[in-house]
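The structure file final06.txt is reproduced below (compact mmCIF, C-alpha atoms and all ligand atoms).
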```txt
# COMPACT_ATOMS: atom_id res chain seq x y z
CA GLN A 1 62.17 91.47 117.69
CA ILE A 2 65.32 90.26 115.99
CA PHE A 3 64.49 91.59 112.52
CA ASP A 4 63.69 95.04 113.93
CA THR A 5 67.08 94.97 115.61
CA LEU A 6 68.82 93.93 112.40
CA ALA A 7 66.99 96.63 110.45
CA SER A 8 68.31 99.24 112.85
CA THR A 9 71.88 97.92 112.94
CA GLY A 10 72.06 97.25 109.19
CA HIS A 11 73.38 93.69 109.53
CA GLU A 12 73.32 91.48 106.45
CA GLN A 13 73.23 88.12 108.22
CA VAL A 14 73.36 86.65 111.73
CA LEU A 15 73.82 82.95 112.38
CA PHE A 16 73.15 81.02 115.58
CA CYS A 17 75.29 77.90 115.51
CA GLN A 18 75.47 74.91 117.80
CA ASP A 19 77.29 71.60 118.03
CA PRO A 20 76.34 70.07 121.38
CA GLY A 21 78.97 67.30 121.16
CA ALA A 22 81.67 69.96 121.01
CA GLY A 23 80.06 72.12 123.71
CA TYR A 24 79.81 74.75 120.99
CA ARG A 25 77.27 77.57 120.90
CA ALA A 26 78.12 80.65 118.86
CA ILE A 27 76.72 83.69 117.15
CA LEU A 28 78.28 84.74 113.83
CA ALA A 29 77.32 88.27 112.86
CA ILE A 30 78.05 89.51 109.34
CA HIS A 31 77.47 93.23 109.31
CA SER A 32 78.66 94.19 105.84
CA THR A 33 80.36 92.64 102.82
CA VAL A 34 80.11 95.79 100.67
CA LEU A 35 83.85 96.49 100.59
CA GLY A 36 84.95 92.84 100.69
CA PRO A 37 84.68 89.73 102.88
CA ALA A 38 83.48 90.36 106.43
CA ILE A 39 86.59 90.23 108.58
CA GLY A 40 86.52 90.06 112.35
CA GLY A 41 87.83 88.06 115.27
CA THR A 42 86.27 85.33 117.35
CA ARG A 43 85.60 86.21 120.99
CA VAL A 44 85.17 83.49 123.60
CA LEU A 45 83.42 84.54 126.81
CA ARG A 46 81.08 83.37 129.52
CA TYR A 47 78.10 85.69 128.92
CA ALA A 48 75.44 86.46 131.52
CA ASP A 49 72.77 85.44 128.99
CA GLU A 50 72.15 84.99 125.28
CA ALA A 51 70.89 88.55 124.81
CA GLN A 52 74.20 89.89 126.07
CA ALA A 53 76.10 87.63 123.65
CA LEU A 54 73.95 88.76 120.72
CA ASP A 55 74.39 92.39 121.67
CA ASP A 56 78.18 91.90 121.79
CA ALA A 57 78.23 90.16 118.39
CA LEU A 58 76.10 92.87 116.76
CA ARG A 59 78.03 95.78 118.22
CA LEU A 60 81.44 94.30 117.54
CA SER A 61 80.68 93.27 113.96
CA ALA A 62 79.29 96.70 113.05
CA GLY A 63 82.43 98.18 114.61
CA MET A 64 84.56 95.99 112.34
CA THR A 65 82.83 97.34 109.23
CA TYR A 66 83.71 100.87 110.29
CA LYS A 67 87.21 99.96 111.40
CA ASN A 68 88.06 98.12 108.17
CA ALA A 69 86.61 100.91 106.03
CA LEU A 70 88.47 103.62 107.92
CA ALA A 71 91.72 101.63 107.81
CA GLY A 72 91.40 101.42 104.01
CA MET A 73 91.04 97.63 104.00
CA PRO A 74 89.26 96.01 101.05
CA ALA A 75 87.06 94.27 103.62
CA GLY A 76 83.70 94.40 105.34
CA GLY A 77 82.93 93.66 108.98
CA GLY A 78 81.87 90.64 110.99
CA LYS A 79 82.43 89.06 114.37
CA ALA A 80 81.87 85.72 116.07
CA VAL A 81 81.19 85.14 119.75
CA ILE A 82 81.42 81.70 121.30
CA LEU A 83 79.33 81.36 124.47
CA LEU A 84 81.27 79.44 127.11
CA GLY A 85 79.32 77.10 129.38
CA ASP A 86 80.16 76.11 132.94
CA ALA A 87 82.50 73.24 132.02
CA PRO A 88 85.95 74.07 130.63
CA PRO A 89 85.78 73.40 126.87
CA ASP A 90 87.76 70.89 124.84
CA ARG A 91 89.40 73.60 122.75
CA GLU A 92 90.13 71.44 119.76
CA ALA A 93 86.52 70.26 119.52
CA LEU A 94 85.23 73.78 120.14
CA PHE A 95 87.31 75.55 117.51
CA ARG A 96 87.00 72.79 114.92
CA ALA A 97 83.22 73.05 115.24
CA HIS A 98 83.60 76.80 114.78
CA GLY A 99 85.78 76.23 111.71
CA ARG A 100 83.13 73.99 110.12
CA PHE A 101 80.50 76.71 110.41
CA ILE A 102 82.90 79.32 109.00
CA GLU A 103 83.70 76.99 106.10
CA ARG A 104 80.01 76.80 105.21
CA LEU A 105 80.05 80.55 104.62
CA GLY A 106 82.46 80.05 101.73
CA GLY A 107 84.77 82.98 102.49
CA THR A 108 82.06 85.53 103.25
CA PHE A 109 83.45 85.64 106.80
CA ILE A 110 87.14 85.45 107.73
CA THR A 111 88.06 85.26 111.39
CA GLY A 112 91.07 85.68 113.65
CA GLU A 113 91.86 86.14 117.31
CA ASP A 114 90.02 88.23 119.85
CA VAL A 115 89.50 88.18 123.61
CA GLY A 116 89.80 84.64 124.93
CA THR A 117 91.50 83.08 121.90
CA SER A 118 95.08 82.33 120.86
CA PRO A 119 97.01 81.36 117.71
CA ALA A 120 96.71 77.71 118.81
CA ASP A 121 92.90 78.04 118.64
CA MET A 122 93.23 79.48 115.13
CA GLU A 123 95.20 76.35 114.18
CA PHE A 124 92.22 74.21 115.21
CA ILE A 125 89.94 76.38 113.07
CA ARG A 126 92.30 75.96 110.12
CA ARG A 127 91.87 72.19 110.23
CA GLU A 128 88.32 72.85 108.99
CA THR A 129 88.62 76.03 106.91
CA ARG A 130 91.19 78.31 105.31
CA HIS A 131 89.12 81.38 106.16
CA VAL A 132 91.13 82.18 109.28
CA LYS A 133 94.13 84.40 109.94
CA GLY A 134 96.44 85.04 112.88
CA LEU A 135 98.14 81.64 112.51
CA PRO A 136 101.55 80.85 113.98
CA ASP A 137 103.06 80.30 110.50
CA GLY A 138 101.49 83.46 109.10
CA MET A 139 101.49 86.88 110.68
CA GLY A 140 100.63 85.23 114.00
CA ASP A 141 99.15 87.17 116.87
CA PRO A 142 97.93 90.58 115.65
CA SER A 143 98.08 92.06 119.16
CA PRO A 144 101.62 93.54 118.95
CA TRP A 145 100.51 95.39 115.80
CA THR A 146 97.40 96.61 117.54
CA ALA A 147 99.61 97.87 120.34
CA ARG A 148 101.88 99.60 117.83
CA GLY A 149 98.89 101.34 116.24
CA VAL A 150 97.51 102.44 119.61
CA PHE A 151 100.94 103.83 120.45
CA GLN A 152 100.87 105.83 117.21
CA ALA A 153 97.35 107.07 117.97
CA MET A 154 98.56 108.14 121.40
CA ARG A 155 101.48 110.06 119.87
CA ALA A 156 99.04 111.82 117.53
CA ALA A 157 96.71 112.66 120.43
CA ALA A 158 99.66 114.03 122.40
CA HIS A 159 100.69 116.14 119.42
CA TRP A 160 97.17 117.50 119.11
CA ARG A 161 96.70 118.12 122.81
CA TRP A 162 100.13 119.18 124.01
CA GLY A 163 101.90 120.24 120.80
CA SER A 164 104.39 117.36 120.78
CA ALA A 165 104.09 113.67 119.97
CA ASP A 166 106.78 112.91 122.53
CA LEU A 167 105.31 110.77 125.30
CA ALA A 168 108.33 111.09 127.60
CA GLY A 169 107.17 112.07 131.07
CA LYS A 170 103.49 111.59 130.27
CA ARG A 171 101.57 109.61 132.89
CA VAL A 172 99.44 106.85 131.35
CA ALA A 173 96.79 104.84 133.23
CA LEU A 174 96.56 101.50 131.42
CA GLN A 175 93.57 99.24 132.01
CA GLY A 176 94.25 95.62 131.05
CA CYS A 177 97.70 94.02 130.72
CA GLY A 178 96.81 91.37 128.15
CA HIS A 179 97.93 90.69 124.60
CA VAL A 180 97.68 94.36 123.62
CA GLY A 181 98.12 96.08 126.98
CA ALA A 182 101.45 94.41 127.77
CA PRO A 183 103.32 95.32 124.55
CA LEU A 184 101.75 98.79 124.66
CA ALA A 185 103.10 99.22 128.18
CA ARG A 186 106.56 98.21 126.98
CA ALA A 187 106.46 100.69 124.08
CA LEU A 188 105.29 103.44 126.42
CA SER A 189 107.97 102.67 128.94
CA GLU A 190 110.63 102.74 126.19
CA ALA A 191 109.26 106.12 125.13
CA GLY A 192 109.76 107.42 128.66
CA ALA A 193 106.11 107.48 129.77
CA ARG A 194 105.23 106.83 133.41
CA LEU A 195 102.73 104.02 133.83
CA VAL A 196 99.99 103.03 136.24
CA VAL A 197 98.49 99.65 135.37
CA ALA A 198 95.68 97.38 136.53
CA ASP A 199 94.36 93.98 135.58
CA VAL A 200 91.74 91.73 137.17
CA ASP A 201 94.41 89.05 136.77
CA ALA A 202 96.88 90.50 139.27
CA ALA A 203 99.74 88.33 137.97
CA ARG A 204 99.52 90.01 134.55
CA ALA A 205 99.75 93.47 136.07
CA GLU A 206 102.75 92.32 138.13
CA VAL A 207 104.58 91.02 135.03
CA VAL A 208 104.10 94.37 133.28
CA ALA A 209 105.14 96.24 136.41
CA ARG A 210 108.35 94.21 136.66
CA GLU A 211 109.15 94.83 132.98
CA THR A 212 108.35 98.52 132.87
CA GLY A 213 108.59 99.82 136.43
CA ALA A 214 104.85 100.63 136.32
CA GLU A 215 102.89 101.35 139.45
CA VAL A 216 100.06 98.84 140.01
CA THR A 217 96.59 99.87 141.12
CA THR A 218 93.29 98.05 141.51
CA PRO A 219 90.92 97.41 138.57
CA ALA A 220 88.28 99.40 140.44
CA SER A 221 90.39 102.54 140.59
CA ILE A 222 92.33 102.58 137.29
CA ALA A 223 89.75 104.76 135.53
CA ARG A 224 89.96 107.30 138.36
CA VAL A 225 93.75 107.64 138.40
CA SER A 226 95.04 111.16 137.92
CA ALA A 227 97.10 110.99 134.72
CA ASP A 228 97.55 112.55 131.28
CA ILE A 229 96.11 109.61 129.34
CA PHE A 230 93.67 106.81 130.14
CA ALA A 231 94.22 103.76 127.93
CA PRO A 232 91.37 101.23 128.08
CA CYS A 233 92.83 97.90 126.91
CA ALA A 234 90.47 95.43 128.60
CA LEU A 235 86.80 95.06 127.70
CA GLY A 236 84.33 97.50 126.13
CA ALA A 237 81.72 99.94 127.49
CA VAL A 238 84.10 101.36 130.11
CA LEU A 239 83.16 104.95 129.25
CA ASP A 240 79.69 105.57 130.65
CA ASP A 241 77.63 107.76 132.97
CA ALA A 242 79.35 106.28 135.99
CA SER A 243 82.99 106.44 134.87
CA ILE A 244 83.17 109.66 132.80
CA PRO A 245 82.57 112.11 135.70
CA ASP A 246 85.40 110.41 137.64
CA LEU A 247 88.04 110.49 134.87
CA GLN A 248 91.05 112.58 135.78
CA VAL A 249 92.84 112.66 132.42
CA GLU A 250 92.99 114.91 129.37
CA VAL A 251 93.06 112.18 126.74
CA VAL A 252 91.44 108.75 126.35
CA VAL A 253 92.98 106.44 123.76
CA GLY A 254 93.22 102.68 123.95
CA ALA A 255 92.76 99.32 122.29
CA ALA A 256 89.45 98.09 123.70
CA ASN A 257 86.62 97.78 121.21
CA ASN A 258 83.43 99.77 121.85
CA GLN A 259 84.80 101.80 124.72
CA LEU A 260 81.74 104.09 124.73
CA ARG A 261 78.69 102.47 126.31
CA ALA A 262 76.55 104.61 123.98
CA PRO A 263 77.43 107.15 121.26
CA ARG A 264 76.24 110.00 123.53
CA HIS A 265 79.18 109.26 125.83
CA ALA A 266 81.47 110.86 123.22
CA ASP A 267 79.56 114.09 123.92
CA ALA A 268 79.93 113.57 127.66
CA LEU A 269 83.71 113.27 127.25
CA ALA A 270 83.87 116.37 125.06
CA ALA A 271 81.77 118.28 127.59
CA ARG A 272 84.43 117.49 130.18
CA GLY A 273 87.15 118.70 127.78
CA ILE A 274 88.59 115.21 127.40
CA LEU A 275 89.99 114.33 123.97
CA TYR A 276 88.65 110.91 123.03
CA ILE A 277 90.30 109.10 120.12
CA PRO A 278 87.68 106.75 118.62
CA ASP A 279 88.64 103.19 119.50
CA TYR A 280 88.27 101.70 116.06
CA MET A 281 90.66 104.28 114.68
CA ALA A 282 93.29 103.65 117.35
CA ASN A 283 93.11 99.85 117.37
CA ALA A 284 93.21 99.13 113.61
CA GLY A 285 96.82 97.88 113.70
CA GLY A 286 95.80 94.26 114.25
CA VAL A 287 93.37 94.30 111.36
CA LEU A 288 96.00 95.91 109.13
CA SER A 289 98.52 93.20 110.04
CA GLY A 290 96.06 90.73 108.51
CA GLY A 291 96.67 92.38 105.13
CA VAL A 292 99.95 90.44 104.82
CA ASP A 293 98.19 87.07 104.85
CA LEU A 294 94.93 88.16 103.28
CA PHE A 295 96.02 90.51 100.52
CA ASP A 296 99.71 89.63 100.12
CA TRP A 297 100.85 93.05 101.31
CA PRO A 298 104.62 93.17 101.82
CA ARG A 299 105.43 93.45 105.53
CA SER A 300 106.92 96.91 104.94
CA GLU A 301 103.63 98.06 103.41
CA MET A 302 101.72 96.75 106.42
CA GLN A 303 104.08 98.51 108.85
CA ARG A 304 103.72 101.74 106.91
CA ARG A 305 99.95 101.48 107.19
CA VAL A 306 100.06 100.70 110.93
CA ASP A 307 102.36 103.66 111.59
CA GLY A 308 100.05 105.70 109.34
CA ILE A 309 97.44 105.51 112.12
CA HIS A 310 99.28 108.53 113.54
CA ASP A 311 98.47 110.62 110.47
CA THR A 312 94.93 109.23 110.14
CA VAL A 313 94.19 110.32 113.70
CA LEU A 314 95.49 113.82 113.02
CA ALA A 315 93.53 114.07 109.76
CA ILE A 316 90.32 113.09 111.54
CA LEU A 317 90.93 115.52 114.39
CA GLU A 318 91.49 118.29 111.85
CA SER A 319 88.36 117.39 109.89
CA ALA A 320 86.36 117.30 113.15
CA VAL A 321 87.47 120.82 114.02
CA SER A 322 86.83 122.21 110.55
CA GLU A 323 83.34 120.63 110.41
CA GLY A 324 82.56 121.46 114.05
CA ILE A 325 81.81 117.83 114.94
CA LEU A 326 83.25 115.26 117.34
CA PRO A 327 86.20 113.14 116.17
CA SER A 328 84.04 110.03 116.54
CA VAL A 329 81.45 111.54 114.18
CA ALA A 330 84.16 112.62 111.71
CA ALA A 331 85.62 109.10 111.71
CA ASP A 332 82.18 107.53 111.23
CA ARG A 333 81.45 109.86 108.30
CA ILE A 334 84.67 108.95 106.50
CA ALA A 335 83.94 105.23 106.97
CA GLU A 336 80.31 105.65 105.85
CA ARG A 337 81.40 107.60 102.78
CA ARG A 338 83.78 104.80 101.77
CA ILE A 339 81.11 102.14 102.28
CA GLU A 340 78.61 104.15 100.23
CA GLU A 341 81.18 104.55 97.44
CA GLY A 342 81.73 100.78 97.56
CA ARG A 343 77.98 100.17 97.34
CA GLN A 344 77.72 102.42 94.31
CA ARG A 345 80.68 100.71 92.63
CA ARG A 346 79.05 97.34 93.29
CA SER A 347 75.70 98.34 91.89
CA ALA A 348 77.21 100.11 88.85
CA PRO A 349 76.43 98.22 85.63
P1 LIG A 401 93.32 90.03 126.46
O1 LIG A 401 92.23 89.13 126.90
O2 LIG A 401 94.64 89.45 126.10
O3 LIG A 401 93.58 91.15 127.55
C1 LIG A 401 92.58 91.80 128.24
C2 LIG A 401 93.10 91.96 129.66
O4 LIG A 401 92.19 92.77 130.39
C3 LIG A 401 93.22 90.64 130.42
O5 LIG A 401 94.51 90.54 130.99
C4 LIG A 401 92.10 90.72 131.46
O6 LIG A 401 92.44 90.03 132.66
C5 LIG A 401 92.03 92.21 131.68
N1 LIG A 401 90.76 92.70 132.22
C6 LIG A 401 89.51 92.27 131.99
N2 LIG A 401 88.62 93.02 132.67
C7 LIG A 401 89.34 93.96 133.32
C8 LIG A 401 89.01 95.03 134.19
N3 LIG A 401 87.73 95.29 134.52
N4 LIG A 401 90.00 95.80 134.69
C9 LIG A 401 91.29 95.56 134.38
N5 LIG A 401 91.67 94.54 133.57
C10 LIG A 401 90.70 93.76 133.04
O7 LIG A 401 92.72 90.88 125.24
P2 LIG A 401 93.55 91.76 124.20
O8 LIG A 401 93.78 90.95 122.97
O9 LIG A 401 94.71 92.39 124.88
O10 LIG A 401 92.48 92.86 123.82
C11 LIG A 401 92.18 93.92 124.72
C12 LIG A 401 91.07 94.78 124.12
O11 LIG A 401 91.50 95.30 122.87
C13 LIG A 401 89.77 94.05 123.82
O12 LIG A 401 88.68 94.91 124.02
C14 LIG A 401 89.88 93.70 122.36
O13 LIG A 401 88.62 93.54 121.76
C15 LIG A 401 90.57 94.92 121.84
N6 LIG A 401 91.30 94.69 120.61
C16 LIG A 401 92.28 93.74 120.55
C17 LIG A 401 92.96 93.54 119.37
C18 LIG A 401 94.07 92.54 119.28
O14 LIG A 401 94.80 92.56 118.29
N7 LIG A 401 94.25 91.67 120.26
C19 LIG A 401 92.65 94.30 118.23
C20 LIG A 401 91.66 95.29 118.33
C21 LIG A 401 91.00 95.46 119.52
```

Target encoding C-alpha cells, full file:
Amino acid sequence: QIFDTLASTGHEQVLFCQDPGAGYRAILAIHSTVLGPAIGGTRVLRYADEAQALDDALRLSAGMTYKNALAGMPAGGGKAVILLGDAPPDREALFRAHGRFIERLGGTFITGEDVGTSPADMEFIRRETRHVKGLPDGMGDPSPWTARGVFQAMRAAAHWRWGSADLAGKRVALQGCGHVGAPLARALSEAGARLVVADVDAARAEVVARETGAEVTTPASIARVSADIFAPCALGAVLDDASIPDLQVEVVVGAANNQLRAPRHADALAARGILYIPDYMANAGGVLSGGVDLFDWPRSEMQRRVDGIHDTVLAILESAVSEGILPSVAADRIAERRIEEGRQRRSAP
C-alpha cells in the first residue's frame, strides 16, 4: 500500500536504492522541495526489517520539512536511511555508492550526518557528489551546533516554566551521550546544572561523567529519574504510553528526532502538566549550521540564528497559549503556513 502511505504523508518521492557490490541498501525519502532543495541527514542503522527502515525514512524526512521551514531555511525536507547488514560494511564503498545515487538527483536532495555517520563518511560521499554538507573542511560536524540550539531551547523552557532562563542548580536527566549529548552535557555543566546521564555504550556515559561530574544511571532508568528536565538525545519514539506515566520531570526538551511515538503523546504529556518543547524546534541548530556552506551565511549570522532558537521557542509557547493549542501544534501551524506561502509563490505566474 505504498502509494496510500505516500498520499497520507505527502511525500514527493521515495527511492529504494541498492548496490550489492558495496553492500549498499538505502531508502531516500524526499518529503518536500517547496521551499528549496530537500535537506536531511543520512542515518545508518541495522533495522529489524525493511518496513521499519521505510517508516523511519518517511517520518524523519517529513520532520525535516517542518524543521527547515520553522528554522526559516530556504529548504525542503528529506532523509536517507542506509540499512546495515550483518557484515561490517566497507565504509568507503558504502558511502560512495550512496553519493552516486544522491548525484543522480541533481541537487534535489542534499545530505549530511545523522546517527551512525561521521564527517569522514561525508568525505566518501563527496567523491561522488557535491550535494553533501558537514565536511571536515566546511562547517564540519553539525552536532555541536545542535547541542547549542538545544541548550538555548532549554533556557527558554526554563524561563517559561520557572521564570528564569538560568539553568544553575537545575537537575537534567540526559539520555544519550553521543555527538549532541556530550557537548550539551558540557554546556549544561558550565551553566551550573546538575546532570544524570545514561548511554547504552557505558564508556560514553563515563567520559561525560568524568568531564562534567554527572551521575551515571542505566539506560533503562534514565527516563524515570526524578529531575527538572528530561533531555532525550538518543533515538526517537521515547515518549509513549509506557514512558510518559513514569516521567518525573516538569520539562522535556532534547535533540532526538521524533521523540513522540505518536502525535497524541503530546496531549499525554500536557495532561501530566509536563512542558514538552517540540523536538524539531529544539534541534534545528545543526540544520542552521549548514547555512554557512549551503547559502554562504557568515558564521556570525548562523550563530545568531542558532541562538535565536531561544526566542523562537518563547514565541511558539506564547502563540500556543494565546490560541489555546499545544506548542507542538503551534509549531506545526507556523511551519505549514510557511510551506503553503512557498507553494503559492511557486505557483504564482
Ligand atoms: P549519536 O549516535 O552520536 O549519539 C546517540 C547516543 O545515544 C549514542 O551514544 C548511543 O549509544 C546512545 N543511545 C542509543 N540508544 C540509547 C538508549 N536507549 N539509552 C541511552 N543511550 C542510547 O547521535 P547524535 O548525533 O548525538 O544524535 C542524537 C539524536 O539527536 C538523534 O536522534 C539524532 O537524530 C538527533 N539529532 C542530531 C543532530 C546532530 O546534529 N547530530 C541534529 C538533529 C537531531

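When only C-alpha atoms and all ligand atoms are used to measure the gap to ligand LIG 401 (chain A), the shortest distance among A:Glu113, A:Asp246, A:Asp228, A:Glu318 belongs to A:Glu113.
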
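Distances here use only C-alpha atoms; by that measure, the residue among A:Val196, A:Ile325, A:Ala234, A:Ala173 closest to Leu247 (chain A) is A:Ala173.
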
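Residues of protein, DNA or RNA lying at most 6 Å from ligand LIG 401 (chain A), when only C-alpha atoms and all ligand atoms are considered, are Asp114, Val115, Gly116, Pro142, Ser143, Thr146, Gln175, Gly176, Cys177, Gly178, His179, Val180, Gly181, Ala198, Asp199, Val200, Asp201, Pro219, Cys233, Ala234, Leu235, Gly236, Ala255, Ala256, Asn257, Asn283 and Gly286 of chain A.
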
**Item:** Radius query 10 Å about (78.1, 87.2, 125.3), atoms used: all atoms listed in the file, as an MDAnalysis selection string
**Value:** chainID A and resid 26:27 43:57 81:84

Selection near Gly41 (chain A), 12 Å with only C-alpha atoms, sequence-local residues under 4 positions removed, as a PDB file with C-alpha atoms, in the frame of the given file:
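What landed in around_35.pdb:
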```pdb
ATOM      1  CA  LEU A  28      78.280  84.740 113.830  1.00  0.00           C
ATOM      2  CA  ALA A  29      77.320  88.270 112.860  1.00  0.00           C
ATOM      3  CA  ILE A  30      78.050  89.510 109.340  1.00  0.00           C
ATOM      4  CA  ALA A  57      78.230  90.160 118.390  1.00  0.00           C
ATOM      5  CA  LEU A  60      81.440  94.300 117.540  1.00  0.00           C
ATOM      6  CA  SER A  61      80.680  93.270 113.960  1.00  0.00           C
ATOM      7  CA  GLY A  63      82.430  98.180 114.610  1.00  0.00           C
ATOM      8  CA  MET A  64      84.560  95.990 112.340  1.00  0.00           C
ATOM      9  CA  GLY A  77      82.930  93.660 108.980  1.00  0.00           C
ATOM     10  CA  GLY A  78      81.870  90.640 110.990  1.00  0.00           C
ATOM     11  CA  LYS A  79      82.430  89.060 114.370  1.00  0.00           C
ATOM     12  CA  ALA A  80      81.870  85.720 116.070  1.00  0.00           C
ATOM     13  CA  VAL A  81      81.190  85.140 119.750  1.00  0.00           C
ATOM     14  CA  ILE A  82      81.420  81.700 121.300  1.00  0.00           C
ATOM     15  CA  ILE A 102      82.900  79.320 109.000  1.00  0.00           C
ATOM     16  CA  PHE A 109      83.450  85.640 106.800  1.00  0.00           C
ATOM     17  CA  ILE A 110      87.140  85.450 107.730  1.00  0.00           C
ATOM     18  CA  THR A 111      88.060  85.260 111.390  1.00  0.00           C
ATOM     19  CA  GLY A 112      91.070  85.680 113.650  1.00  0.00           C
ATOM     20  CA  GLU A 113      91.860  86.140 117.310  1.00  0.00           C
ATOM     21  CA  ASP A 114      90.020  88.230 119.850  1.00  0.00           C
ATOM     22  CA  VAL A 115      89.500  88.180 123.610  1.00  0.00           C
ATOM     23  CA  GLY A 116      89.800  84.640 124.930  1.00  0.00           C
ATOM     24  CA  THR A 117      91.500  83.080 121.900  1.00  0.00           C
ATOM     25  CA  SER A 118      95.080  82.330 120.860  1.00  0.00           C
ATOM     26  CA  PRO A 119      97.010  81.360 117.710  1.00  0.00           C
ATOM     27  CA  ASP A 121      92.900  78.040 118.640  1.00  0.00           C
ATOM     28  CA  MET A 122      93.230  79.480 115.130  1.00  0.00           C
ATOM     29  CA  HIS A 131      89.120  81.380 106.160  1.00  0.00           C
ATOM     30  CA  VAL A 132      91.130  82.180 109.280  1.00  0.00           C
ATOM     31  CA  LYS A 133      94.130  84.400 109.940  1.00  0.00           C
ATOM     32  CA  GLY A 134      96.440  85.040 112.880  1.00  0.00           C
ATOM     33  CA  ASP A 141      99.150  87.170 116.870  1.00  0.00           C
ATOM     34  CA  PRO A 142      97.930  90.580 115.650  1.00  0.00           C
ATOM     35  CA  SER A 143      98.080  92.060 119.160  1.00  0.00           C
ATOM     36  CA  ASN A 257      86.620  97.780 121.210  1.00  0.00           C
ATOM     37  CA  GLY A 286      95.800  94.260 114.250  1.00  0.00           C
ATOM     38  CA  VAL A 287      93.370  94.300 111.360  1.00  0.00           C
ATOM     39  CA  GLY A 290      96.060  90.730 108.510  1.00  0.00           C
TER      40      GLY A 290
END
```

**Request:** Name all residues at most 12 Å from region 307-311 of chain A (count all atoms listed in the file; drop same-chain ones fewer than 3 positions away) and give them as a VMD selection string.
**Result:** chain A and resid 67 70 to 72 145 to 160 165 277 to 289 300 to 304 314 to 318

**Message:** For a quick check of understanding, using only C-alpha atoms, which of A:Leu294, A:Arg264, A:Ala220, A:Ala97 has the smallest distance to Gly23 (chain A)?
**Reply:**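 Of all the options, A:Ala97 lies closest to Gly23 (chain A).
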
**Prompt:** Separation of CA of Glu190 (chain A) and CA of Val306 (chain A), in Å?
**Reply:**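 One can read the CA of Glu190 (chain A) to CA of Val306 (chain A) distance as 18.7 Å.
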
**Request:** Could you check how far CA of Val14 (chain A) sits from CA of Ile2 (chain A), in Å to one decimal?
**Result:** 9.8 Å

**Request:** Measuring atom to atom with all atoms listed in the file, identify which of A:Ile222, A:Ala185, A:Leu269, A:Cys17 is nearest to Gly99 (chain A).
**Result:** A:Cys17
